[in-house]
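One structure is given here, and the rest of the page talks about it.
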Amino acid sequence: MVNAQPRRRARRSRPDGPVTLDDVAREAGVSLATASRVLNGSTRVVGEALRERVHAAAARLDYSANAQAQAMARGRSDVVGLVVHDIADPYFSSLAAGVMNAAEGSGAIVTLSVSRGDAAREVAHVAALRRQRVRAVILAGSRWADGASTDALRAELEAFRAGGGIVAAATQDLLGVDSVLVDNAGGARRLAEAVVGLGYREFLLLEGPGDLLTARERAEGFLAGLAAHGLAPVHRLSAPFTRDGAYDGVAEFLARDPLPRTAGRPPVLLAANDVMAVGAVAAARDAGLDVPRDLAVAGFDDIPTLRDIAPALTTVRLPLTDIGGRLFALVDSADGGAARREHVEGEVLVRASTPDLRG
C-alpha cells in the first residue's frame, strides 16, 4: 500500500550543485527508476499516487529534467531539427516560419541548423541531430549535382530512420523520404512564356550556381519557355544564389556589354530567384539604367520582402510558409509507410517590373 503522506525534505546529495534525479527520488521516497519513469517518460506506467509524489518532490526542489535522459527513456526527444541552407535568405526564413507555426501547440520544439550551402556541413548537422536522438529532421534546400554528397546524406538519413527517426524534405526527389516537391522547371517555363506574351523578344538569363539542382531546373525551364516561341537568350550570366552575387555579376556584365534592344523594346532579365533579381535591379540602377524602361526584370519565389521593392517585381509565387507547414505535417503524421510526395506549382505574377509592351 502506498503511503501518500508527505515526507520530510531529504538532504540533497550535493548541496552546492544542481538538483539531481537522485535527489528527487530521495525526496519522494521512491526508487531512482520510478522517478526516472515519471519525469523522463517511459512506456511503463507508474501509479497516479506515486506520480503525484514525484512531481511534488520535483517542484519542491525546483528540479529540471535532463533532455538527453528523457530522449533515452522515451527512445526519442520532442525536438524536430530543421536544416536550411541560409536563414538570412527570405526563402528559407519563410519556410522556417511555416514549420514553427505548424509546430505550435504540438508539444514539439523546433531547432534550426544552417548549412551555408555546404553539402558536407549539411550531412554533419544531420549526424549531430541523430546523436541527439531528435524526433525528426526536416531538410529545406536544393540538392547538388555532385552525386557523392547526395549519397552521403542519404546514408546518414537511412541510419537516422533505422533508429526510429522521421524525415521530411523540401528538395529534389532524391532522398527516398517524405517530400514536398516544387515544380521549378514548370514555374520558370510559365514565367518565360508569360513575359514573351507581353511583347519581349530579348532575354538575359541570370542563373544560379551550375552545381545546384534548383538553379539548373529553373534555367532549363526558362530555356524551354523561350524555345517554345522560337526564342533564346542573348546572354546567360551565372552568379551565386544571393543578392550580392547577382549584383556583382550584373554590374560586371553591364560594364562590359551594351544591352540589346529590338525595335526600341527593352530586354528582360530572368533571374533564378528573387534575391538575385533584387541584386540585378540595384546593379542596373547603379549603372544609370532605369528599371523597367531600360531593363525589365523578373524573379522567382515571391519572397515577403518584395512588398518593399519598387517597381513591384514580376515573379513566380511559391507558398513558402505553407510549404513549411506541410513539411511539419508530414513528420507529425508519419506512419512508417512508403515515402509520401506532395507537389507544389508556382503561380506567375506579372507586376510593374515587366510592363506590357503590346500596343
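So you can find residues: chains in the C-alpha cells are A, B, ... in the order shown, residues in each start at 1, and ligands are numbered from 1 in order.
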Those in region 6-178 of chain A with helix (DSSP H, G or I) from DSSP, as a count of residues only: 82
So which residues touch Ser149 (chain A) within 8 Å, counting only C-alpha atoms, skipping near sequence neighbours fewer than 5 positions away, as number ranges by chain? A: 119-120, 144
Selected residue of minimal separation from Ser93 (chain A) among A:Ser115, A:Phe253, A:Ala140, A:Tyr247, counting only C-alpha atoms: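 The closest residue to Ser93 (chain A) is A:Ala140.
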Find, counting only C-alpha atoms, the residue in A:Leu174, A:Val281, A:Leu349, A:Leu231 that gets nearest to Ala145 (chain A).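 Looking only at the distances to Ala145 (chain A), the closest residue turns out to be A:Leu174.
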Surrounding residues of region 166-171 of chain A excluding itself and chain neighbours under 4 positions, 8 Å, only C-alpha atoms, as a count of residues only: 24
CA of Thr262 (chain A) and CA of Val316 (chain A), how far apart in Å?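 Separation between CA of Val316 (chain A) and CA of Thr262 (chain A): 25.7 Å.
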If you run DSSP on the backbone, which residues of region 85-279 of chain A are strand (DSSP E or B), as JSON, numbers by chain? {"A": [109, 110, 111, 112, 113, 114, 136, 137, 138, 139, 140, 144, 166, 167, 168, 169, 170, 178, 179, 180, 181, 182, 203, 204, 205, 206, 207, 212, 235, 236, 237, 238, 262, 265, 268, 269, 270, 271]}
For those residues, write N, CA, C and O atoms to a file as a short mmCIF file (atom, residue, chain, number, x, y, z; two decimals), in the first residue's frame.
data_model
loop_
_atom_site.label_atom_id
_atom_site.label_comp_id
_atom_site.auth_asym_id
_atom_site.auth_seq_id
_atom_site.Cartn_x
_atom_site.Cartn_y
_atom_site.Cartn_z
N ILE A 109 9.49 20.87 -30.17
CA ILE A 109 10.39 22.01 -30.13
C ILE A 109 11.23 21.97 -31.40
O ILE A 109 11.88 20.96 -31.70
N VAL A 110 11.22 23.05 -32.17
CA VAL A 110 11.95 23.10 -33.43
C VAL A 110 13.28 23.80 -33.22
O VAL A 110 13.33 24.92 -32.71
N THR A 111 14.37 23.13 -33.58
CA THR A 111 15.70 23.74 -33.56
C THR A 111 16.15 23.98 -34.99
O THR A 111 15.72 23.30 -35.91
N LEU A 112 17.03 24.95 -35.17
CA LEU A 112 17.43 25.37 -36.51
C LEU A 112 18.93 25.20 -36.70
O LEU A 112 19.73 25.62 -35.86
N SER A 113 19.31 24.59 -37.82
CA SER A 113 20.72 24.46 -38.20
C SER A 113 20.88 25.04 -39.61
O SER A 113 19.99 24.90 -40.45
N VAL A 114 22.02 25.67 -39.86
CA VAL A 114 22.28 26.33 -41.14
C VAL A 114 23.52 25.71 -41.78
O VAL A 114 24.60 25.68 -41.16
N ALA A 136 12.62 14.13 -35.20
CA ALA A 136 12.52 14.22 -36.66
C ALA A 136 13.53 15.22 -37.19
O ALA A 136 13.99 16.12 -36.48
N VAL A 137 13.86 15.07 -38.47
CA VAL A 137 14.72 16.00 -39.20
C VAL A 137 13.95 16.49 -40.41
O VAL A 137 13.34 15.70 -41.14
N ILE A 138 13.94 17.81 -40.60
CA ILE A 138 13.34 18.42 -41.79
C ILE A 138 14.45 19.12 -42.56
O ILE A 138 15.19 19.92 -42.00
N LEU A 139 14.57 18.81 -43.84
CA LEU A 139 15.59 19.40 -44.70
C LEU A 139 14.91 20.35 -45.69
O LEU A 139 13.91 19.98 -46.31
N ALA A 140 15.45 21.55 -45.83
CA ALA A 140 14.93 22.51 -46.80
C ALA A 140 16.10 23.06 -47.61
O ALA A 140 16.99 23.69 -47.05
N TRP A 144 22.66 19.00 -54.63
CA TRP A 144 23.75 19.37 -55.51
C TRP A 144 23.88 18.34 -56.64
O TRP A 144 23.46 17.19 -56.50
N ILE A 166 12.30 10.30 -37.95
CA ILE A 166 11.39 10.65 -39.04
C ILE A 166 12.04 11.76 -39.86
O ILE A 166 12.68 12.66 -39.31
N VAL A 167 11.86 11.72 -41.18
CA VAL A 167 12.48 12.70 -42.07
C VAL A 167 11.46 13.22 -43.07
O VAL A 167 10.65 12.46 -43.60
N ALA A 168 11.51 14.52 -43.33
CA ALA A 168 10.77 15.13 -44.43
C ALA A 168 11.68 16.17 -45.08
O ALA A 168 12.58 16.71 -44.43
N ALA A 169 11.46 16.44 -46.36
CA ALA A 169 12.35 17.35 -47.07
C ALA A 169 11.61 18.14 -48.12
O ALA A 169 10.64 17.67 -48.72
N ALA A 170 12.05 19.38 -48.31
CA ALA A 170 11.62 20.20 -49.44
C ALA A 170 12.84 20.34 -50.33
O ALA A 170 13.70 21.19 -50.11
N ASP A 178 9.69 11.34 -47.18
CA ASP A 178 8.53 12.19 -47.40
C ASP A 178 9.00 13.56 -47.89
O ASP A 178 9.91 14.16 -47.30
N SER A 179 8.40 14.05 -48.96
CA SER A 179 8.93 15.27 -49.58
C SER A 179 7.82 16.18 -50.09
O SER A 179 6.75 15.73 -50.51
N VAL A 180 8.11 17.49 -50.04
CA VAL A 180 7.31 18.49 -50.73
C VAL A 180 8.16 18.92 -51.93
O VAL A 180 9.26 19.45 -51.76
N LEU A 181 7.65 18.69 -53.13
CA LEU A 181 8.42 18.89 -54.36
C LEU A 181 7.90 20.11 -55.11
O LEU A 181 6.72 20.15 -55.50
N VAL A 182 8.77 21.07 -55.33
CA VAL A 182 8.42 22.29 -56.06
C VAL A 182 8.71 22.09 -57.54
O VAL A 182 9.78 21.61 -57.92
N PHE A 203 16.30 38.53 -74.25
CA PHE A 203 16.31 37.95 -72.91
C PHE A 203 17.72 37.75 -72.39
O PHE A 203 18.62 37.32 -73.13
N LEU A 204 17.90 38.08 -71.12
CA LEU A 204 19.11 37.75 -70.39
C LEU A 204 18.72 36.75 -69.31
O LEU A 204 17.72 36.95 -68.61
N LEU A 205 19.50 35.68 -69.14
CA LEU A 205 19.25 34.72 -68.06
C LEU A 205 20.29 34.95 -66.98
O LEU A 205 21.49 34.94 -67.25
N LEU A 206 19.83 35.17 -65.77
CA LEU A 206 20.70 35.26 -64.60
C LEU A 206 20.54 33.97 -63.82
O LEU A 206 19.58 33.79 -63.06
N GLU A 207 21.45 33.03 -64.03
CA GLU A 207 21.36 31.69 -63.47
C GLU A 207 22.13 31.60 -62.15
O GLU A 207 23.08 32.33 -61.93
N LEU A 212 23.99 23.52 -58.43
CA LEU A 212 22.81 23.49 -57.59
C LEU A 212 21.61 23.08 -58.44
O LEU A 212 21.28 23.74 -59.42
N HIS A 235 22.17 36.47 -73.72
CA HIS A 235 23.27 36.31 -72.78
C HIS A 235 22.81 35.43 -71.62
O HIS A 235 21.66 35.52 -71.18
N ARG A 236 23.74 34.59 -71.14
CA ARG A 236 23.48 33.77 -69.95
C ARG A 236 24.55 34.10 -68.92
O ARG A 236 25.74 33.90 -69.16
N LEU A 237 24.12 34.64 -67.78
CA LEU A 237 25.03 35.02 -66.71
C LEU A 237 24.89 34.05 -65.56
O LEU A 237 23.78 33.64 -65.22
N SER A 238 26.00 33.70 -64.94
CA SER A 238 25.98 32.82 -63.78
C SER A 238 26.49 33.58 -62.57
O SER A 238 27.46 34.34 -62.66
N THR A 262 15.50 45.57 -79.35
CA THR A 262 14.87 45.27 -80.63
C THR A 262 13.69 46.22 -80.81
O THR A 262 12.77 46.23 -79.99
N ARG A 265 12.45 48.17 -77.94
CA ARG A 265 11.93 47.48 -76.75
C ARG A 265 13.09 47.09 -75.83
O ARG A 265 14.13 46.63 -76.31
N VAL A 268 14.59 41.81 -71.17
CA VAL A 268 14.13 41.42 -69.84
C VAL A 268 15.13 40.43 -69.26
O VAL A 268 15.62 39.53 -69.97
N LEU A 269 15.46 40.61 -68.01
CA LEU A 269 16.37 39.72 -67.30
C LEU A 269 15.54 38.76 -66.46
O LEU A 269 14.73 39.20 -65.63
N LEU A 270 15.72 37.47 -66.68
CA LEU A 270 15.02 36.44 -65.91
C LEU A 270 16.00 35.89 -64.89
O LEU A 270 17.00 35.26 -65.24
N ALA A 271 15.73 36.14 -63.61
CA ALA A 271 16.63 35.72 -62.53
C ALA A 271 16.14 34.42 -61.90
O ALA A 271 14.93 34.18 -61.79
#
Neighbouring residues of region 288-301 of chain A were defined as those with any atom within 9 Å, considering only C-alpha atoms; residues of the same chain fewer than 5 positions away were excluded. Please report them as a ChimeraX atom specification. /A:91,187-188,191,195,218,259,261,265-278,280-281,283,310-311,313-320,346,348,350-355
Go ahead and dump the residues you just picked, C-alpha atoms, as a short mmCIF file (atom, residue, chain, number, x, y, z; two decimals), in the first residue's frame.
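So out19.cif came out as:
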data_model
loop_
_atom_site.label_atom_id
_atom_site.label_comp_id
_atom_site.auth_asym_id
_atom_site.auth_seq_id
_atom_site.Cartn_x
_atom_site.Cartn_y
_atom_site.Cartn_z
CA TYR A 91 13.06 31.93 -48.91
CA GLY A 187 7.19 27.55 -62.97
CA ALA A 188 10.18 29.01 -64.83
CA LEU A 191 7.12 32.73 -66.38
CA VAL A 195 6.93 37.51 -70.48
CA ARG A 218 14.86 26.89 -63.26
CA LEU A 259 22.10 45.97 -73.52
CA ARG A 261 17.26 46.28 -77.85
CA ARG A 265 11.93 47.48 -76.75
CA PRO A 266 13.99 46.83 -73.61
CA PRO A 267 15.35 43.38 -72.85
CA VAL A 268 14.13 41.42 -69.84
CA LEU A 269 16.37 39.72 -67.30
CA LEU A 270 15.02 36.44 -65.91
CA ALA A 271 16.63 35.72 -62.53
CA ALA A 272 16.75 32.28 -60.90
CA ASN A 273 15.33 33.69 -57.66
CA ASP A 274 14.03 36.91 -56.18
CA VAL A 275 17.08 37.88 -54.14
CA MET A 276 19.14 37.66 -57.35
CA ALA A 277 16.56 39.81 -59.13
CA VAL A 278 16.84 42.43 -56.37
CA ALA A 280 20.20 42.85 -60.58
CA VAL A 281 17.86 45.82 -60.15
CA ALA A 283 23.23 46.93 -60.28
CA ALA A 310 9.92 49.28 -56.49
CA PRO A 311 8.93 48.64 -59.16
CA LEU A 313 8.72 42.51 -59.17
CA THR A 314 7.24 40.04 -61.63
CA THR A 315 7.85 36.59 -60.19
CA VAL A 316 6.62 33.05 -59.58
CA ARG A 317 4.83 32.85 -56.25
CA LEU A 318 5.59 29.84 -54.07
CA PRO A 319 3.52 29.39 -50.89
CA LEU A 320 6.66 29.26 -48.76
CA GLY A 346 4.12 28.18 -58.57
CA VAL A 348 3.10 33.53 -62.22
CA VAL A 350 3.06 39.82 -63.63
CA ARG A 351 3.90 43.14 -62.00
CA ALA A 352 5.35 46.54 -62.84
CA SER A 353 8.94 45.34 -63.40
CA THR A 354 7.83 43.82 -66.74
CA PRO A 355 5.26 46.23 -68.22
#
For Ala35 (chain A), list every protein, DNA or RNA residue within 10 Å, evaluated using only C-alpha atoms, and leave out those in the same chain fewer than 3 positions away; present the list as a PDB file with all heavy atoms, in the first residue's frame.
ATOM      1  N   LEU A  21      18.267  13.861 -10.293  1.00  0.00           N
ATOM      2  CA  LEU A  21      17.133  12.947 -10.236  1.00  0.00           C
ATOM      3  C   LEU A  21      17.190  12.101  -8.966  1.00  0.00           C
ATOM      4  O   LEU A  21      16.153  11.763  -8.373  1.00  0.00           O
ATOM      5  CB  LEU A  21      17.124  12.058 -11.484  1.00  0.00           C
ATOM      6  CG  LEU A  21      15.900  11.159 -11.663  1.00  0.00           C
ATOM      7  CD1 LEU A  21      14.636  11.993 -11.786  1.00  0.00           C
ATOM      8  CD2 LEU A  21      16.087  10.279 -12.902  1.00  0.00           C
ATOM      9  N   ASP A  22      18.398  11.781  -8.522  1.00  0.00           N
ATOM     10  CA  ASP A  22      18.550  11.018  -7.285  1.00  0.00           C
ATOM     11  C   ASP A  22      18.006  11.818  -6.097  1.00  0.00           C
ATOM     12  O   ASP A  22      17.376  11.260  -5.183  1.00  0.00           O
ATOM     13  CB  ASP A  22      20.025  10.681  -7.071  1.00  0.00           C
ATOM     14  CG  ASP A  22      20.228   9.777  -5.862  1.00  0.00           C
ATOM     15  OD1 ASP A  22      19.641   8.679  -5.849  1.00  0.00           O
ATOM     16  OD2 ASP A  22      20.954  10.184  -4.936  1.00  0.00           O
ATOM     17  N   ASP A  23      18.243  13.144  -6.092  1.00  0.00           N
ATOM     18  CA  ASP A  23      17.689  13.987  -5.030  1.00  0.00           C
ATOM     19  C   ASP A  23      16.161  13.906  -5.017  1.00  0.00           C
ATOM     20  O   ASP A  23      15.537  13.826  -3.943  1.00  0.00           O
ATOM     21  CB  ASP A  23      18.111  15.451  -5.237  1.00  0.00           C
ATOM     22  CG  ASP A  23      19.608  15.655  -5.076  1.00  0.00           C
ATOM     23  OD1 ASP A  23      20.213  14.957  -4.256  1.00  0.00           O
ATOM     24  OD2 ASP A  23      20.154  16.521  -5.776  1.00  0.00           O
ATOM     25  N   VAL A  24      15.563  13.959  -6.196  1.00  0.00           N
ATOM     26  CA  VAL A  24      14.107  13.893  -6.284  1.00  0.00           C
ATOM     27  C   VAL A  24      13.598  12.554  -5.784  1.00  0.00           C
ATOM     28  O   VAL A  24      12.602  12.481  -5.054  1.00  0.00           O
ATOM     29  CB  VAL A  24      13.644  14.144  -7.737  1.00  0.00           C
ATOM     30  CG1 VAL A  24      12.131  13.971  -7.868  1.00  0.00           C
ATOM     31  CG2 VAL A  24      14.052  15.540  -8.203  1.00  0.00           C
ATOM     32  N   ALA A  25      14.288  11.460  -6.177  1.00  0.00           N
ATOM     33  CA  ALA A  25      13.871  10.135  -5.730  1.00  0.00           C
ATOM     34  C   ALA A  25      13.923  10.036  -4.211  1.00  0.00           C
ATOM     35  O   ALA A  25      13.005   9.490  -3.571  1.00  0.00           O
ATOM     36  CB  ALA A  25      14.759   9.078  -6.383  1.00  0.00           C
ATOM     37  N   ARG A  26      15.001  10.563  -3.595  1.00  0.00           N
ATOM     38  CA  ARG A  26      15.126  10.538  -2.141  1.00  0.00           C
ATOM     39  C   ARG A  26      14.008  11.352  -1.485  1.00  0.00           C
ATOM     40  O   ARG A  26      13.400  10.946  -0.498  1.00  0.00           O
ATOM     41  CB  ARG A  26      16.484  11.109  -1.720  1.00  0.00           C
ATOM     42  CG  ARG A  26      17.675  10.226  -2.062  1.00  0.00           C
ATOM     43  CD  ARG A  26      18.966  10.997  -1.788  1.00  0.00           C
ATOM     44  NE  ARG A  26      20.144  10.217  -2.137  1.00  0.00           N
ATOM     45  CZ  ARG A  26      20.772   9.399  -1.323  1.00  0.00           C
ATOM     46  NH1 ARG A  26      20.325   9.245  -0.075  1.00  0.00           N
ATOM     47  NH2 ARG A  26      21.832   8.729  -1.710  1.00  0.00           N
ATOM     48  N   ALA A  28      11.080  12.048  -2.669  1.00  0.00           N
ATOM     49  CA  ALA A  28       9.766  11.426  -2.842  1.00  0.00           C
ATOM     50  C   ALA A  28       9.667  10.065  -2.173  1.00  0.00           C
ATOM     51  O   ALA A  28       8.563   9.525  -2.024  1.00  0.00           O
ATOM     52  CB  ALA A  28       9.469  11.281  -4.333  1.00  0.00           C
ATOM     53  N   GLY A  29      10.815   9.499  -1.770  1.00  0.00           N
ATOM     54  CA  GLY A  29      10.808   8.183  -1.149  1.00  0.00           C
ATOM     55  C   GLY A  29      10.510   7.065  -2.121  1.00  0.00           C
ATOM     56  O   GLY A  29       9.823   6.091  -1.788  1.00  0.00           O
ATOM     57  N   VAL A  30      11.026   7.208  -3.360  1.00  0.00           N
ATOM     58  CA  VAL A  30      10.822   6.178  -4.386  1.00  0.00           C
ATOM     59  C   VAL A  30      12.188   5.785  -4.932  1.00  0.00           C
ATOM     60  O   VAL A  30      13.214   6.422  -4.657  1.00  0.00           O
ATOM     61  CB  VAL A  30       9.913   6.688  -5.520  1.00  0.00           C
ATOM     62  CG1 VAL A  30       8.540   7.084  -4.979  1.00  0.00           C
ATOM     63  CG2 VAL A  30      10.566   7.865  -6.252  1.00  0.00           C
ATOM     64  N   SER A  31      12.179   4.775  -5.744  1.00  0.00           N
ATOM     65  CA  SER A  31      13.426   4.352  -6.372  1.00  0.00           C
ATOM     66  C   SER A  31      13.818   5.326  -7.475  1.00  0.00           C
ATOM     67  O   SER A  31      12.978   6.064  -8.008  1.00  0.00           O
ATOM     68  CB  SER A  31      13.275   2.953  -6.975  1.00  0.00           C
ATOM     69  OG  SER A  31      12.411   2.989  -8.094  1.00  0.00           O
ATOM     70  N   LEU A  32      15.094   5.309  -7.830  1.00  0.00           N
ATOM     71  CA  LEU A  32      15.573   6.150  -8.913  1.00  0.00           C
ATOM     72  C   LEU A  32      14.868   5.794 -10.223  1.00  0.00           C
ATOM     73  O   LEU A  32      14.524   6.666 -11.027  1.00  0.00           O
ATOM     74  CB  LEU A  32      17.090   6.000  -9.068  1.00  0.00           C
ATOM     75  CG  LEU A  32      17.773   6.867 -10.122  1.00  0.00           C
ATOM     76  CD1 LEU A  32      17.564   8.344  -9.821  1.00  0.00           C
ATOM     77  CD2 LEU A  32      19.267   6.537 -10.195  1.00  0.00           C
ATOM     78  N   VAL A  38       8.711   8.596 -14.218  1.00  0.00           N
ATOM     79  CA  VAL A  38       7.737   9.674 -14.082  1.00  0.00           C
ATOM     80  C   VAL A  38       8.209  10.934 -14.803  1.00  0.00           C
ATOM     81  O   VAL A  38       7.454  11.562 -15.558  1.00  0.00           O
ATOM     82  CB  VAL A  38       7.475   9.982 -12.602  1.00  0.00           C
ATOM     83  CG1 VAL A  38       6.606  11.244 -12.453  1.00  0.00           C
ATOM     84  CG2 VAL A  38       6.803   8.795 -11.922  1.00  0.00           C
ATOM     85  N   LEU A  39       9.442  11.327 -14.595  1.00  0.00           N
ATOM     86  CA  LEU A  39       9.911  12.628 -15.072  1.00  0.00           C
ATOM     87  C   LEU A  39      10.513  12.589 -16.476  1.00  0.00           C
ATOM     88  O   LEU A  39      10.478  13.604 -17.182  1.00  0.00           O
ATOM     89  CB  LEU A  39      10.937  13.201 -14.094  1.00  0.00           C
ATOM     90  CG  LEU A  39      10.388  13.498 -12.695  1.00  0.00           C
ATOM     91  CD1 LEU A  39      11.508  13.967 -11.775  1.00  0.00           C
ATOM     92  CD2 LEU A  39       9.276  14.543 -12.752  1.00  0.00           C
ATOM     93  N   ASN A  40      11.067  11.436 -16.858  1.00  0.00           N
ATOM     94  CA  ASN A  40      11.675  11.352 -18.178  1.00  0.00           C
ATOM     95  C   ASN A  40      10.771  10.695 -19.200  1.00  0.00           C
ATOM     96  O   ASN A  40      11.055  10.729 -20.393  1.00  0.00           O
ATOM     97  CB  ASN A  40      13.005  10.583 -18.118  1.00  0.00           C
ATOM     98  CG  ASN A  40      14.069  11.357 -17.368  1.00  0.00           C
ATOM     99  OD1 ASN A  40      14.061  12.590 -17.395  1.00  0.00           O
ATOM    100  ND2 ASN A  40      14.957  10.653 -16.686  1.00  0.00           N
ATOM    101  N   GLY A  41       9.693  10.080 -18.751  1.00  0.00           N
ATOM    102  CA  GLY A  41       8.790   9.430 -19.686  1.00  0.00           C
ATOM    103  C   GLY A  41       9.217   7.999 -19.927  1.00  0.00           C
ATOM    104  O   GLY A  41      10.405   7.683 -19.996  1.00  0.00           O
ATOM    105  N   VAL A  46       3.398   4.250 -14.239  1.00  0.00           N
ATOM    106  CA  VAL A  46       3.578   4.436 -12.805  1.00  0.00           C
ATOM    107  C   VAL A  46       2.240   4.871 -12.216  1.00  0.00           C
ATOM    108  O   VAL A  46       1.531   5.711 -12.790  1.00  0.00           O
ATOM    109  CB  VAL A  46       4.660   5.494 -12.518  1.00  0.00           C
ATOM    110  CG1 VAL A  46       4.784   5.740 -11.020  1.00  0.00           C
ATOM    111  CG2 VAL A  46       5.995   5.049 -13.097  1.00  0.00           C
ATOM    112  N   LEU A  50       2.032   7.626  -6.871  1.00  0.00           N
ATOM    113  CA  LEU A  50       3.485   7.789  -6.947  1.00  0.00           C
ATOM    114  C   LEU A  50       3.857   8.925  -7.886  1.00  0.00           C
ATOM    115  O   LEU A  50       4.799   9.685  -7.635  1.00  0.00           O
ATOM    116  CB  LEU A  50       4.138   6.489  -7.398  1.00  0.00           C
ATOM    117  CG  LEU A  50       4.268   5.379  -6.357  1.00  0.00           C
ATOM    118  CD1 LEU A  50       4.959   4.158  -6.972  1.00  0.00           C
ATOM    119  CD2 LEU A  50       5.050   5.861  -5.144  1.00  0.00           C
ATOM    120  N   ARG A  51       3.134   9.060  -8.973  1.00  0.00           N
ATOM    121  CA  ARG A  51       3.419  10.142  -9.921  1.00  0.00           C
ATOM    122  C   ARG A  51       3.257  11.500  -9.236  1.00  0.00           C
ATOM    123  O   ARG A  51       4.096  12.388  -9.389  1.00  0.00           O
ATOM    124  CB  ARG A  51       2.483  10.061 -11.140  1.00  0.00           C
ATOM    125  CG  ARG A  51       2.727   8.858 -12.041  1.00  0.00           C
ATOM    126  CD  ARG A  51       1.756   8.852 -13.218  1.00  0.00           C
ATOM    127  NE  ARG A  51       1.922  10.032 -14.029  1.00  0.00           N
ATOM    128  CZ  ARG A  51       2.848  10.180 -14.988  1.00  0.00           C
ATOM    129  NH1 ARG A  51       3.691   9.176 -15.235  1.00  0.00           N
ATOM    130  NH2 ARG A  51       2.944  11.274 -15.688  1.00  0.00           N
ATOM    131  N   ARG A  53       3.489  12.126  -6.087  1.00  0.00           N
ATOM    132  CA  ARG A  53       4.539  12.315  -5.079  1.00  0.00           C
ATOM    133  C   ARG A  53       5.843  12.760  -5.737  1.00  0.00           C
ATOM    134  O   ARG A  53       6.534  13.659  -5.233  1.00  0.00           O
ATOM    135  CB  ARG A  53       4.759  11.013  -4.315  1.00  0.00           C
ATOM    136  CG  ARG A  53       5.704  11.196  -3.125  1.00  0.00           C
ATOM    137  CD  ARG A  53       6.143   9.880  -2.534  1.00  0.00           C
ATOM    138  NE  ARG A  53       5.027   9.118  -1.988  1.00  0.00           N
ATOM    139  CZ  ARG A  53       5.169   7.911  -1.448  1.00  0.00           C
ATOM    140  NH1 ARG A  53       6.370   7.357  -1.393  1.00  0.00           N
ATOM    141  NH2 ARG A  53       4.123   7.266  -0.968  1.00  0.00           N
ATOM    142  N   VAL A  54       6.183  12.137  -6.874  1.00  0.00           N
ATOM    143  CA  VAL A  54       7.425  12.503  -7.566  1.00  0.00           C
ATOM    144  C   VAL A  54       7.357  13.926  -8.098  1.00  0.00           C
ATOM    145  O   VAL A  54       8.303  14.714  -7.964  1.00  0.00           O
ATOM    146  CB  VAL A  54       7.724  11.494  -8.696  1.00  0.00           C
ATOM    147  CG1 VAL A  54       8.894  11.990  -9.552  1.00  0.00           C
ATOM    148  CG2 VAL A  54       8.022  10.122  -8.125  1.00  0.00           C
ATOM    149  N   HIS A  55       6.219  14.292  -8.708  1.00  0.00           N
ATOM    150  CA  HIS A  55       6.089  15.649  -9.244  1.00  0.00           C
ATOM    151  C   HIS A  55       6.132  16.687  -8.117  1.00  0.00           C
ATOM    152  O   HIS A  55       6.721  17.760  -8.279  1.00  0.00           O
ATOM    153  CB  HIS A  55       4.783  15.779 -10.033  1.00  0.00           C
ATOM    154  CG  HIS A  55       4.844  15.189 -11.405  1.00  0.00           C
ATOM    155  ND1 HIS A  55       5.731  15.631 -12.375  1.00  0.00           N
ATOM    156  CD2 HIS A  55       4.130  14.179 -11.984  1.00  0.00           C
ATOM    157  CE1 HIS A  55       5.562  14.932 -13.488  1.00  0.00           C
ATOM    158  NE2 HIS A  55       4.599  14.037 -13.274  1.00  0.00           N
ATOM    159  N   ALA A  57       7.742  16.381  -5.283  1.00  0.00           N
ATOM    160  CA  ALA A  57       9.140  16.469  -4.836  1.00  0.00           C
ATOM    161  C   ALA A  57       9.969  17.284  -5.806  1.00  0.00           C
ATOM    162  O   ALA A  57      10.802  18.109  -5.401  1.00  0.00           O
ATOM    163  CB  ALA A  57       9.716  15.057  -4.675  1.00  0.00           C
ATOM    164  N   ALA A  58       9.758  17.063  -7.110  1.00  0.00           N
ATOM    165  CA  ALA A  58      10.498  17.811  -8.128  1.00  0.00           C
ATOM    166  C   ALA A  58      10.194  19.297  -8.022  1.00  0.00           C
ATOM    167  O   ALA A  58      11.094  20.140  -8.156  1.00  0.00           O
ATOM    168  CB  ALA A  58      10.145  17.286  -9.514  1.00  0.00           C
TER     169      ALA A  58
END
Report, in Å with one decimal, the straight-line distance from CA of Val250 (chain A) to CA of Ala287 (chain A).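 Interatomic distance, CA of Val250 (chain A) to CA of Ala287 (chain A): 9.7 Å.
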From A:Asp322, A:Arg307, A:Pro258, A:Gly186, residue lying nearest Glu345 (chain A) [only C-alpha atoms]: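 With only C-alpha atoms as the atom set, the closest residue is A:Gly186.
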One residue among A:Gly147, A:Leu357, A:Glu220, A:Ala102 is nearest to Leu198 (chain A) when using only C-alpha atoms, and that residue is A:Leu357
May I ask which of the residues A:Ala246, A:Leu129, A:Ile87, A:Val134 is the closest one to Gly117 (chain A), counting only C-alpha atoms?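 Closest to Gly117 (chain A) of all the choices is A:Ile87.
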For CA of Gly210 (chain A) and CA of Asp302 (chain A), quote the distance in Å rounded to one decimal.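 Spanning CA of Gly210 (chain A) to CA of Asp302 (chain A) is a straight-line distance of 22.1 Å.
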